[in-house]
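Colleague: Dropping a structure here in C-alpha cells format, bear with me for questions.
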Amino acid sequence: MDIVLQQAANGLVLGMSYALVATGLTLVFGVLRMMNLSHGELYMLGAYILSALMQYLGLPYVVGCVLSVLLVALIGYFFGMTVVQPASHLEPINAMLATFGVSTLLSNLVLLIFKATPRMVSSPFQVVFQIGPVFLTIQKLIVVGMGLLLNLGVYLVIHHTTFGKMIWAISEQRTAAEIVGIDTKRMHNLAFTMGAVLAAISGVLVSALYSLAPNMGSGIMTKCFAIVVLGGLGSIPGAIIGGLLLGLAESLFTIIIPSQWTPAIAFVLLIVLLILKPEGLIGKSKGVKL
Amino acid sequence: MKRTWTRITIAVALVLVVAFPFLTNAYILGIAQAMLLYFIYAMAMNLLMGYTGIRSFGQAGFWGVGAYVTGLMMNMHQYGILSLLGAMIIGAVLGLAVGMLSLRLQSVYFFITTLGVSEMLRVIAINWMPVTRGPMGLMVQPTSMGLFLGRFEYQTQVYLLSVLLAVLCFLGLRTLMRSHTGKILMSIRDSEPLADSVGVNPTAYKVFAFATAGAITALSGGLNAMAYRIVVPDFLSMQYTTIGLLMVLIGGSGELWGPLFGALIYVGFNEGLRSIGEFRLVIFALIMILVVMLFPKGLIGTLKQQTNKIKQRKQQT
C-alpha cells in the first residue's frame with residue numbers, strides 16, 4: 001500500500017509538469033488553431049538555459065529560473081513574430097511543418113552547443129521530508145503548487161479578462177475580430193508567448209527532478225498532444241485533468257509493468273478513449289480544421 | 001506533338017535511370033537509391049494528403065513496420081521481393097485496422113491518433129528485444145532479390161528492384177487517380193459532406209486510401225531496410241512522418257509529379273548539406289521553414305500558378 005501512495009504522489013508531480021506543458025499547447029491550439037510542434041523545444045530550452053546559467057554564470061537556482069523563463073519568452077516571441085504568426089494564414093499543414101522546422105532548429109542548436117550527454121540541475125529545494133509513508137521533496141511540492149497556481153491563473157486570464165475575451169473572439173471568427181478593432185497579430189503573439197512561458201516554467205521546475213537531454217522536448221510533447229486531445233482541444237481544465245491523469249497512470253503502472261513501457265500508456269489511453277468517446281474527455285469538440 | 005516529346009523524354013530518362021548503377025560509384029548510387037525509396041514514400045503520402053485530403057501524422061509507423069518486417073523476413077533467408085510483399089501485406093492490414101477504428105473521427109483527432117499509433121509502435125520496437133534487438137538496431141542480411149535480378153551485385157539488385165517498384169507505383173497511382181475511384185477520392189478531399197450527400201460512403205473510401213498508402217509506405221520502408229541493411233526504432237519516430245509531409249509539400253500537394261520532385265529535392269538537399277558537417281540539420285531546418293512558408297503550393301503548384309499568370313497576361317494584351 002505504501003508503494004501505491006508513494007507512486008501516486010510521484011504521479012501527481014509528474015502530472016503537474018505535463019499539465020503545465022499541455023496548457024500551453026492547448027492555448028496555442030485553441031487560439032491560433034495551430035499544431036505547435038515547437039512547444040516541446042521551448043520546454044527543453046527552459047531547462048537547458050537554466051542549467052547553462054547556473055553552470056557558466058554561477059547564478060543561484062531561483063535567479064536562473066527567472067532569467068531562463070524570460071529568455072525563453074523572448075525566443076518564443078521572436079519565433080511567434082517571424083514564423084508562427086505569418087504561418088497562421090497558411091494551410092494548417094504548412095503552418096505545422098513550419099513549427100516543426102523551428103523545433104528541429106532549436107533542438108539541433110542545443111545539441112551542437114551542449115552535446116548529447118545528459119545534464120543535471122541541482123536545486124536548493126531538494127530537502128526530503130515525510131508525510132505518513134510518503135517521501136517528498138520541497139521541489140516536488142513547488143512543482144505541484146506552481147502548477148496549480150499557474151494553471152488557475154491562465155484559466156482566469158483566458159476566461160475572465162478582456163484579453164481572454166479578445167482571444168476567444170479571434171479563435172471564433174478572426175475576420176470579425178479584426179473588424180471590431182482587435183489587433184489579431186498582437187494577440188496571437190501574446191498567446192504564443194504565454195504558451196512559451198508556461199512550457200519554460202515547466203522546464204525549469206522539472207529540470208531539478210529529472211536529467212536533461214536535448215530530445216526531452218519531443219518526448220513530452222507527443223504525450224501532451226495525447227493529453228490535449230484527452231482533455232478536449234482548447235480546454236484548460238481538460239489539459240490539467242488530462243495531465244494529472246496521465247501522470248498518475250504512468251506512475252501507478254510502473255508498480256505492475258516494467259517502467260520502459262510507460263511511454264506507451266498515453267497513447268493506449270488516447271486510442272481507447274477516442275474509440276469510446278470520439279469528442280474528447282471534457283467539453284464539446286470544436287470544429288478545429290486541419 | 002507535345003505528347004510524343006514528353007514520352008520520348010520519359011523513356012530516355014528511364015533508360016538512364018536503369019543504366020545508372022553501371023555508370024557510377026557506390027556513393028552516388030546510394031543517393032539515387034534514397035531518392036527512389038523516398039519517391040515511393042512521397043507517392044503514398046500524396047495519395048493520402050494530396051488526393052484524398054487525409055492528414056496522417058503516423059506514416060512513420062508504416063514506414064518503420066515495413067522496414068522491420070522486410071528485415072526480419074530477409075534474415076529468415078526469404079527472397080527480397082517476398083520480404084517486401086510481406087511488408088506490404090502487414091502495412092495494408094495495419095492501415096485497414098487503424099483506418100477502420102479512427103477514420104470516422106474528426107480530422108484533427110485522427111491526426112493525433114495516428115501519431116499515437118506510431119509512437120506506440122516505436123515503444124514496442126524499443127522494448128521487444130528478442131525480435132527487434134531494441135535501440136541497437138536490427139542488422140539485415142543481404143539475400144537475393146529473386147526475379148531475374150540474381151546475377152547482379154547486391155546493391156544493384158536493390159536499386160533495380162526499386163526502379164521497377166517506383167515505376168509500378170507511379171503508374172498504379174496514375175491509373176487510380178484517373179479512374180472512377182480516384183475521382184471519388186478527390187471529391188472527398190474537396191468536400192466530404194457533398195460526397196456523402198450524393199451517396200458515396202466517405203469513410204469506406206478513406207479506409208481504402210489509408211490501407212493502400214499504408215502498404216506503399218511499408219514497401220518504401222522495406223526498401224530502406226534492404227538498401228541500408230539496418231533497422232532502428234527511430235524509423236518510427238515523428239521525424240520520418242514529417243519528412244513524408246515535407247516532400248509532398250515541396251513537390252506540390254495533389255500533383256502527380258509532385259512526389260518525384262519532392263523526393264529529389266529533399267534527398268538532394270540532405271546529401272548536399274552533408275559537407276557542412278554539424279550545422280547540417282540547423283541549415284536544413286531554416287530551409288524547411290522558408291520553403292513551407294514562401295512556397296505553400298510546392299514546386300509544381302507554384303510553376304502552374306506562374307504559367308497561368310503569363311497566359312492571362314498574354315490574353316490581356
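All residue names refer to the C-alpha cells as shown: chains lettered A, B, ... in order, residues numbered from 1 in each chain, ligands numbered from 1 in order.
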Check which residues of chain A sit at most 9 Å from chain B using only C-alpha atoms, and return one row each with the closest pair of atoms and their distance in Å to one decimal, ordered by chain and rising number, as JSON lines.
Modeller:
{"residue": "A:Val83", "atom": "CA", "partner": "B:Ile289", "partner_atom": "CA", "distance": 7.8}
{"residue": "A:Pro86", "atom": "CA", "partner": "B:Met293", "partner_atom": "CA", "distance": 8.1}
{"residue": "A:Ala87", "atom": "CA", "partner": "B:Met293", "partner_atom": "CA", "distance": 6.4}
{"residue": "A:Leu90", "atom": "CA", "partner": "B:Pro296", "partner_atom": "CA", "distance": 7.3}
{"residue": "A:Glu91", "atom": "CA", "partner": "B:Pro296", "partner_atom": "CA", "distance": 7.7}
{"residue": "A:Ile93", "atom": "CA", "partner": "B:Arg55", "partner_atom": "CA", "distance": 8.1}
{"residue": "A:Asn94", "atom": "CA", "partner": "B:Val292", "partner_atom": "CA", "distance": 5.6}
{"residue": "A:Ala95", "atom": "CA", "partner": "B:Met293", "partner_atom": "CA", "distance": 7.5}
{"residue": "A:Leu97", "atom": "CA", "partner": "B:Val292", "partner_atom": "CA", "distance": 7.0}
{"residue": "A:Ala98", "atom": "CA", "partner": "B:Ile289", "partner_atom": "CA", "distance": 4.8}
{"residue": "A:Thr99", "atom": "CA", "partner": "B:Ile289", "partner_atom": "CA", "distance": 7.7}
{"residue": "A:Phe100", "atom": "CA", "partner": "B:Thr242", "partner_atom": "CA", "distance": 8.0}
{"residue": "A:Gly101", "atom": "CA", "partner": "B:Ala285", "partner_atom": "CA", "distance": 4.8}
{"residue": "A:Val102", "atom": "CA", "partner": "B:Ala285", "partner_atom": "CA", "distance": 6.8}
{"residue": "A:Ser103", "atom": "CA", "partner": "B:Ala285", "partner_atom": "CA", "distance": 8.2}
{"residue": "A:Thr104", "atom": "CA", "partner": "B:Ala285", "partner_atom": "CA", "distance": 5.8}
{"residue": "A:Leu105", "atom": "CA", "partner": "B:Val282", "partner_atom": "CA", "distance": 5.0}
{"residue": "A:Leu106", "atom": "CA", "partner": "B:Val282", "partner_atom": "CA", "distance": 8.0}
{"residue": "A:Ser107", "atom": "CA", "partner": "B:Val282", "partner_atom": "CA", "distance": 8.8}
{"residue": "A:Asn108", "atom": "CA", "partner": "B:Val282", "partner_atom": "CA", "distance": 6.1}
{"residue": "A:Leu109", "atom": "CA", "partner": "B:Val282", "partner_atom": "CA", "distance": 6.7}
{"residue": "A:Leu112", "atom": "CA", "partner": "B:Glu278", "partner_atom": "CA", "distance": 7.2}
{"residue": "A:Ser218", "atom": "CA", "partner": "B:Met238", "partner_atom": "CA", "distance": 8.9}
{"residue": "A:Thr222", "atom": "CA", "partner": "B:Leu115", "partner_atom": "CA", "distance": 7.8}
{"residue": "A:Lys223", "atom": "CA", "partner": "B:Gly116", "partner_atom": "CA", "distance": 8.5}
{"residue": "A:Phe225", "atom": "CA", "partner": "B:Ile112", "partner_atom": "CA", "distance": 7.0}
{"residue": "A:Ala226", "atom": "CA", "partner": "B:Ile112", "partner_atom": "CA", "distance": 7.0}
{"residue": "A:Val229", "atom": "CA", "partner": "B:Tyr109", "partner_atom": "CA", "distance": 7.0}
{"residue": "A:Gln260", "atom": "CA", "partner": "B:Asn127", "partner_atom": "CA", "distance": 7.2}
{"residue": "A:Trp261", "atom": "CA", "partner": "B:Val123", "partner_atom": "CA", "distance": 6.8}
{"residue": "A:Thr262", "atom": "CA", "partner": "B:Val123", "partner_atom": "CA", "distance": 8.8}
{"residue": "A:Pro263", "atom": "CA", "partner": "B:Val123", "partner_atom": "CA", "distance": 6.9}
{"residue": "A:Ala264", "atom": "CA", "partner": "B:Met120", "partner_atom": "CA", "distance": 5.2}
{"residue": "A:Ile265", "atom": "CA", "partner": "B:Met120", "partner_atom": "CA", "distance": 8.4}
{"residue": "A:Ala266", "atom": "CA", "partner": "B:Gly116", "partner_atom": "CA", "distance": 8.0}
{"residue": "A:Phe267", "atom": "CA", "partner": "B:Gly116", "partner_atom": "CA", "distance": 4.8}
{"residue": "A:Val268", "atom": "CA", "partner": "B:Met120", "partner_atom": "CA", "distance": 7.6}
{"residue": "A:Leu270", "atom": "CA", "partner": "B:Thr113", "partner_atom": "CA", "distance": 7.2}
{"residue": "A:Ile271", "atom": "CA", "partner": "B:Thr113", "partner_atom": "CA", "distance": 6.3}
{"residue": "A:Leu274", "atom": "CA", "partner": "B:Ser102", "partner_atom": "CA", "distance": 7.7}
{"residue": "A:Ile275", "atom": "CA", "partner": "B:Leu101", "partner_atom": "CA", "distance": 6.8}
{"residue": "A:Pro278", "atom": "CA", "partner": "B:Leu105", "partner_atom": "CA", "distance": 6.2}
{"residue": "A:Glu279", "atom": "CA", "partner": "B:Leu105", "partner_atom": "CA", "distance": 8.2}
{"residue": "A:Gly280", "atom": "CA", "partner": "B:Tyr109", "partner_atom": "CA", "distance": 8.8}
{"residue": "A:Gly287", "atom": "CA", "partner": "B:Gln106", "partner_atom": "CA", "distance": 8.4}
{"residue": "A:Val288", "atom": "CA", "partner": "B:Val108", "partner_atom": "CA", "distance": 6.8}
{"residue": "A:Lys289", "atom": "CA", "partner": "B:Val108", "partner_atom": "CA", "distance": 6.7}
{"residue": "A:Leu290", "atom": "CA", "partner": "B:Val108", "partner_atom": "CA", "distance": 5.6}
Colleague: Can you list, as a ChimeraX atom specification, all residues belonging to stretch 109-209 of chain A that DSSP tags as alpha helix (DSSP H)?
Modeller: /A:109-114,138-160,162-172,174-179,184-206
Colleague: Residues at most 10 Å from A:Leu141, counting only C-alpha atoms, excluding those fewer than 4 positions away in the same chain, as a short mmCIF file (atom, residue, chain, number, x, y, z; two decimals) with N, CA and C atoms, in the first residue's frame?
Modeller:
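Below is the file selection.cif, written as the result:
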data_model
loop_
_atom_site.label_atom_id
_atom_site.label_comp_id
_atom_site.auth_asym_id
_atom_site.auth_seq_id
_atom_site.Cartn_x
_atom_site.Cartn_y
_atom_site.Cartn_z
N ALA A 9 1.86 9.96 -5.26
CA ALA A 9 2.43 11.29 -5.02
C ALA A 9 3.38 11.67 -6.16
N LEU A 12 1.44 12.58 -9.19
CA LEU A 12 0.84 13.92 -9.12
C LEU A 12 1.86 14.97 -9.58
N VAL A 13 3.12 14.79 -9.14
CA VAL A 13 4.17 15.75 -9.51
C VAL A 13 4.43 15.69 -11.01
N PHE A 125 16.10 23.20 -3.16
CA PHE A 125 14.87 22.74 -2.52
C PHE A 125 14.74 21.22 -2.50
N LEU A 136 8.68 13.00 0.17
CA LEU A 136 8.57 14.07 -0.82
C LEU A 136 9.75 15.01 -0.66
N THR A 137 9.98 15.85 -1.70
CA THR A 137 10.94 16.93 -1.55
C THR A 137 10.20 18.24 -1.69
N GLY A 145 2.54 23.06 -6.48
CA GLY A 145 1.95 24.35 -6.12
C GLY A 145 1.96 25.33 -7.29
N MET A 146 3.13 25.46 -7.94
CA MET A 146 3.24 26.37 -9.08
C MET A 146 2.32 25.93 -10.21
N GLY A 147 2.25 24.64 -10.40
CA GLY A 147 1.39 24.11 -11.46
C GLY A 147 -0.05 24.53 -11.25
#
Colleague: Using backbone DSSP assignments, extract all strand (DSSP E or B) residues from stretch 82-231 of chain A; output them as a list in words.
Modeller: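 Of stretch 82-231 of chain A, only Arg119, Val128, Phe129, Gln130, Ile131, Val134, Phe135, Leu136, Thr137 and Leu212 of chain A fall in strand (DSSP E or B).
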Colleague: So that I have them on file, write out the residues from the current selection with N, CA and C atoms, as a JSON list (two decimals), in the first residue's frame.
Modeller:
[["chain", "number", "residue", "atom", "x", "y", "z"],
["A", 119, "ARG", "N", 22.35, 16.13, -18.62],
["A", 119, "ARG", "CA", 22.80, 17.11, -17.64],
["A", 119, "ARG", "C", 21.90, 17.09, -16.43],
["A", 128, "VAL", "N", 14.39, 16.43, 1.65],
["A", 128, "VAL", "CA", 13.41, 15.35, 1.72],
["A", 128, "VAL", "C", 12.65, 15.42, 3.03],
["A", 129, "PHE", "N", 11.36, 15.24, 2.98],
["A", 129, "PHE", "CA", 10.59, 15.10, 4.23],
["A", 129, "PHE", "C", 9.53, 14.03, 4.01],
["A", 130, "GLN", "N", 8.85, 13.69, 5.11],
["A", 130, "GLN", "CA", 7.98, 12.54, 5.09],
["A", 130, "GLN", "C", 6.59, 12.92, 5.58],
["A", 131, "ILE", "N", 5.57, 12.52, 4.82],
["A", 131, "ILE", "CA", 4.19, 12.66, 5.31],
["A", 131, "ILE", "C", 3.64, 11.24, 5.37],
["A", 134, "VAL", "N", 4.80, 8.53, 2.85],
["A", 134, "VAL", "CA", 5.23, 9.08, 1.56],
["A", 134, "VAL", "C", 6.41, 10.03, 1.73],
["A", 135, "PHE", "N", 7.47, 9.81, 0.95],
["A", 135, "PHE", "CA", 8.61, 10.72, 0.95],
["A", 135, "PHE", "C", 8.44, 11.74, -0.16],
["A", 136, "LEU", "N", 8.68, 13.00, 0.17],
["A", 136, "LEU", "CA", 8.57, 14.07, -0.82],
["A", 136, "LEU", "C", 9.75, 15.01, -0.66],
["A", 137, "THR", "N", 9.98, 15.85, -1.70],
["A", 137, "THR", "CA", 10.94, 16.93, -1.55],
["A", 137, "THR", "C", 10.20, 18.24, -1.69],
["A", 212, "LEU", "N", 18.44, 16.13, -17.88],
["A", 212, "LEU", "CA", 18.11, 16.83, -19.13],
["A", 212, "LEU", "C", 18.79, 16.16, -20.32]]
Colleague: Using only C-alpha atoms, which residue out of A:Met16, A:Ile182, A:Leu150, A:Leu42 lies closest to A:Trp168?
Modeller: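 The answer is A:Ile182, which sits nearest to A:Trp168.
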Colleague: Smallest atom-to-atom distance to B:Gly86: which of B:Leu260, B:Ile216, B:Val248, B:Leu168, using only C-alpha atoms?
Modeller: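 Distance minimum relative to B:Gly86 lands on B:Ile216.
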Colleague: Taking only C-alpha atoms into account, name the residue in B:Leu171, B:Gly146, B:Gly252, B:Gly61 that is nearest to B:Lys304.
Modeller: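 Answer, going by the shortest atom-to-atom distance: B:Gly252.
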Colleague: Measuring atom to atom with only C-alpha atoms, identify which of B:Ala19, B:Leu273, B:Leu165, B:Val69 is nearest to B:Met88.
Modeller: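 Counting only C-alpha atoms, the residue closest to B:Met88 is B:Val69.
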Colleague: Taking 5 positions as the minimum chain separation for residues in the same chain, which residues sit within 8 Å of B:Gly214 when counting only C-alpha atoms? Answer as a PyMOL selection string.
Modeller: chain B and resi 44+59+62+88+91-92+94-95
Colleague: Let me see the file: selected residues, N, CA, C and O atoms, as a PDB file, in the first residue's frame.
Modeller:
ATOM      1  N   ALA B  44       2.901   7.685 -51.600  1.00  0.00           N
ATOM      2  CA  ALA B  44       1.880   7.226 -50.645  1.00  0.00           C
ATOM      3  C   ALA B  44       1.312   8.407 -49.878  1.00  0.00           C
ATOM      4  O   ALA B  44       0.100   8.531 -49.695  1.00  0.00           O
ATOM      5  N   GLN B  59       2.563   8.203 -40.452  1.00  0.00           N
ATOM      6  CA  GLN B  59       3.048   7.352 -41.544  1.00  0.00           C
ATOM      7  C   GLN B  59       4.388   6.704 -41.223  1.00  0.00           C
ATOM      8  O   GLN B  59       4.701   5.639 -41.738  1.00  0.00           O
ATOM      9  N   PHE B  62       4.067   3.109 -40.400  1.00  0.00           N
ATOM     10  CA  PHE B  62       4.029   2.160 -41.515  1.00  0.00           C
ATOM     11  C   PHE B  62       5.421   1.967 -42.104  1.00  0.00           C
ATOM     12  O   PHE B  62       5.813   0.872 -42.474  1.00  0.00           O
ATOM     13  N   MET B  88       4.305  -5.209 -47.351  1.00  0.00           N
ATOM     14  CA  MET B  88       3.130  -4.536 -47.909  1.00  0.00           C
ATOM     15  C   MET B  88       1.843  -5.094 -47.305  1.00  0.00           C
ATOM     16  O   MET B  88       0.902  -4.346 -47.017  1.00  0.00           O
ATOM     17  N   GLY B  91       1.544  -3.832 -43.840  1.00  0.00           N
ATOM     18  CA  GLY B  91       1.215  -2.408 -43.914  1.00  0.00           C
ATOM     19  C   GLY B  91      -0.257  -2.194 -44.241  1.00  0.00           C
ATOM     20  O   GLY B  91      -0.921  -1.350 -43.643  1.00  0.00           O
ATOM     21  N   ALA B  92      -0.770  -2.979 -45.196  1.00  0.00           N
ATOM     22  CA  ALA B  92      -2.166  -2.829 -45.587  1.00  0.00           C
ATOM     23  C   ALA B  92      -3.093  -3.228 -44.444  1.00  0.00           C
ATOM     24  O   ALA B  92      -4.087  -2.548 -44.167  1.00  0.00           O
ATOM     25  N   LEU B  94      -2.414  -3.225 -41.216  1.00  0.00           N
ATOM     26  CA  LEU B  94      -2.319  -2.195 -40.181  1.00  0.00           C
ATOM     27  C   LEU B  94      -3.136  -0.965 -40.580  1.00  0.00           C
ATOM     28  O   LEU B  94      -3.865  -0.387 -39.768  1.00  0.00           O
ATOM     29  N   GLY B  95      -3.008  -0.590 -41.858  1.00  0.00           N
ATOM     30  CA  GLY B  95      -3.751   0.575 -42.337  1.00  0.00           C
ATOM     31  C   GLY B  95      -5.248   0.349 -42.245  1.00  0.00           C
ATOM     32  O   GLY B  95      -6.006   1.237 -41.849  1.00  0.00           O
TER      33      GLY B  95
END
Colleague: One decimal, in Å: what's the spacing between atom CA of A:Tyr77 and atom CA of A:Asn189?
Modeller: 6.4 Å
Colleague: Could you check the closest approach to A:Gln139 for each of A:Val121, A:Met1, A:Val28, A:Met166 and tell me which residue wins, using only C-alpha atoms?
Modeller: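 Of the candidates, the smallest distance to A:Gln139 is held by A:Val121.
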Colleague: For A:Val21, which residue out of A:Leu209, A:Ile241, A:Ala200, A:Leu252 is the nearest one, using only C-alpha atoms?
Modeller: A:Ala200
Colleague: What is the atom CA of B:Val17 to atom CA of B:Thr217 distance in Å?
Modeller: 21.9 Å
Colleague: Take atom CA of A:Leu156 and atom CA of A:Gly242 and report the distance between them in Å, one decimal.
Modeller: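 Between these atoms lies a distance of 18.7 Å.
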Colleague: When you look at A:Gly195 with a cut-off of 8 Å (counting only C-alpha atoms), what residues show up, excluding the ones that are within fewer than 5 positions of it in the same chain? I need them as number ranges by chain.
Modeller: A: 23-25, 27-28, 39
Colleague: Can you tell me which residues surround stretch 177-184 of chain B at a distance of at most 8 Å, considering only C-alpha atoms, apart from same-chain residues fewer than 3 positions away, and format the answer as a compact mmCIF listing (two decimals) with all heavy atoms, in the first residue's frame?
Modeller:
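Full text of result-v4.txt as output:
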# COMPACT_ATOMS: atom_id res chain seq x y z
N LEU B 173 -0.70 4.57 -59.35
CA LEU B 173 -1.32 5.75 -58.76
C LEU B 173 -1.99 6.59 -59.84
O LEU B 173 -3.09 7.10 -59.66
CB LEU B 173 -0.25 6.57 -58.04
CG LEU B 173 -0.78 7.55 -57.01
CD1 LEU B 173 -1.40 6.79 -55.85
CD2 LEU B 173 0.34 8.44 -56.50
N ARG B 174 -1.31 6.68 -61.01
CA ARG B 174 -1.88 7.47 -62.10
C ARG B 174 -3.18 6.84 -62.58
O ARG B 174 -4.18 7.53 -62.79
CB ARG B 174 -0.87 7.55 -63.25
CG ARG B 174 -1.17 8.68 -64.20
CD ARG B 174 -0.12 8.77 -65.27
NE ARG B 174 -0.23 7.65 -66.20
CZ ARG B 174 0.08 7.72 -67.48
NH1 ARG B 174 0.51 8.85 -67.98
NH2 ARG B 174 -0.03 6.67 -68.25
N SER B 187 -13.14 13.93 -54.70
CA SER B 187 -14.37 14.62 -54.28
C SER B 187 -14.47 14.65 -52.76
O SER B 187 -14.96 15.61 -52.17
CB SER B 187 -15.60 13.94 -54.88
OG SER B 187 -15.90 12.76 -54.17
N ILE B 188 -13.96 13.57 -52.11
CA ILE B 188 -13.96 13.57 -50.64
C ILE B 188 -13.02 14.65 -50.12
O ILE B 188 -13.33 15.35 -49.15
CB ILE B 188 -13.54 12.18 -50.11
CG1 ILE B 188 -14.61 11.15 -50.44
CG2 ILE B 188 -13.29 12.22 -48.61
CD1 ILE B 188 -14.21 9.74 -50.17
N ALA B 195 -19.76 14.77 -50.95
CA ALA B 195 -19.59 13.40 -51.43
C ALA B 195 -20.58 12.48 -50.71
O ALA B 195 -21.21 11.62 -51.33
CB ALA B 195 -18.15 12.93 -51.18
N VAL B 200 -21.97 8.61 -51.73
CA VAL B 200 -20.67 7.97 -51.55
C VAL B 200 -20.47 7.73 -50.05
O VAL B 200 -20.86 8.57 -49.24
CB VAL B 200 -19.55 8.91 -52.07
CG1 VAL B 200 -18.18 8.40 -51.66
CG2 VAL B 200 -19.64 9.05 -53.56
N TYR B 205 -14.14 4.77 -48.49
CA TYR B 205 -13.10 5.14 -49.47
C TYR B 205 -11.84 5.64 -48.76
O TYR B 205 -10.73 5.40 -49.22
CB TYR B 205 -13.65 6.21 -50.42
CG TYR B 205 -14.46 5.59 -51.53
CD1 TYR B 205 -15.84 5.45 -51.39
CD2 TYR B 205 -13.86 5.13 -52.69
CE1 TYR B 205 -16.59 4.87 -52.40
CE2 TYR B 205 -14.59 4.55 -53.69
CZ TYR B 205 -15.97 4.42 -53.55
OH TYR B 205 -16.69 3.83 -54.54
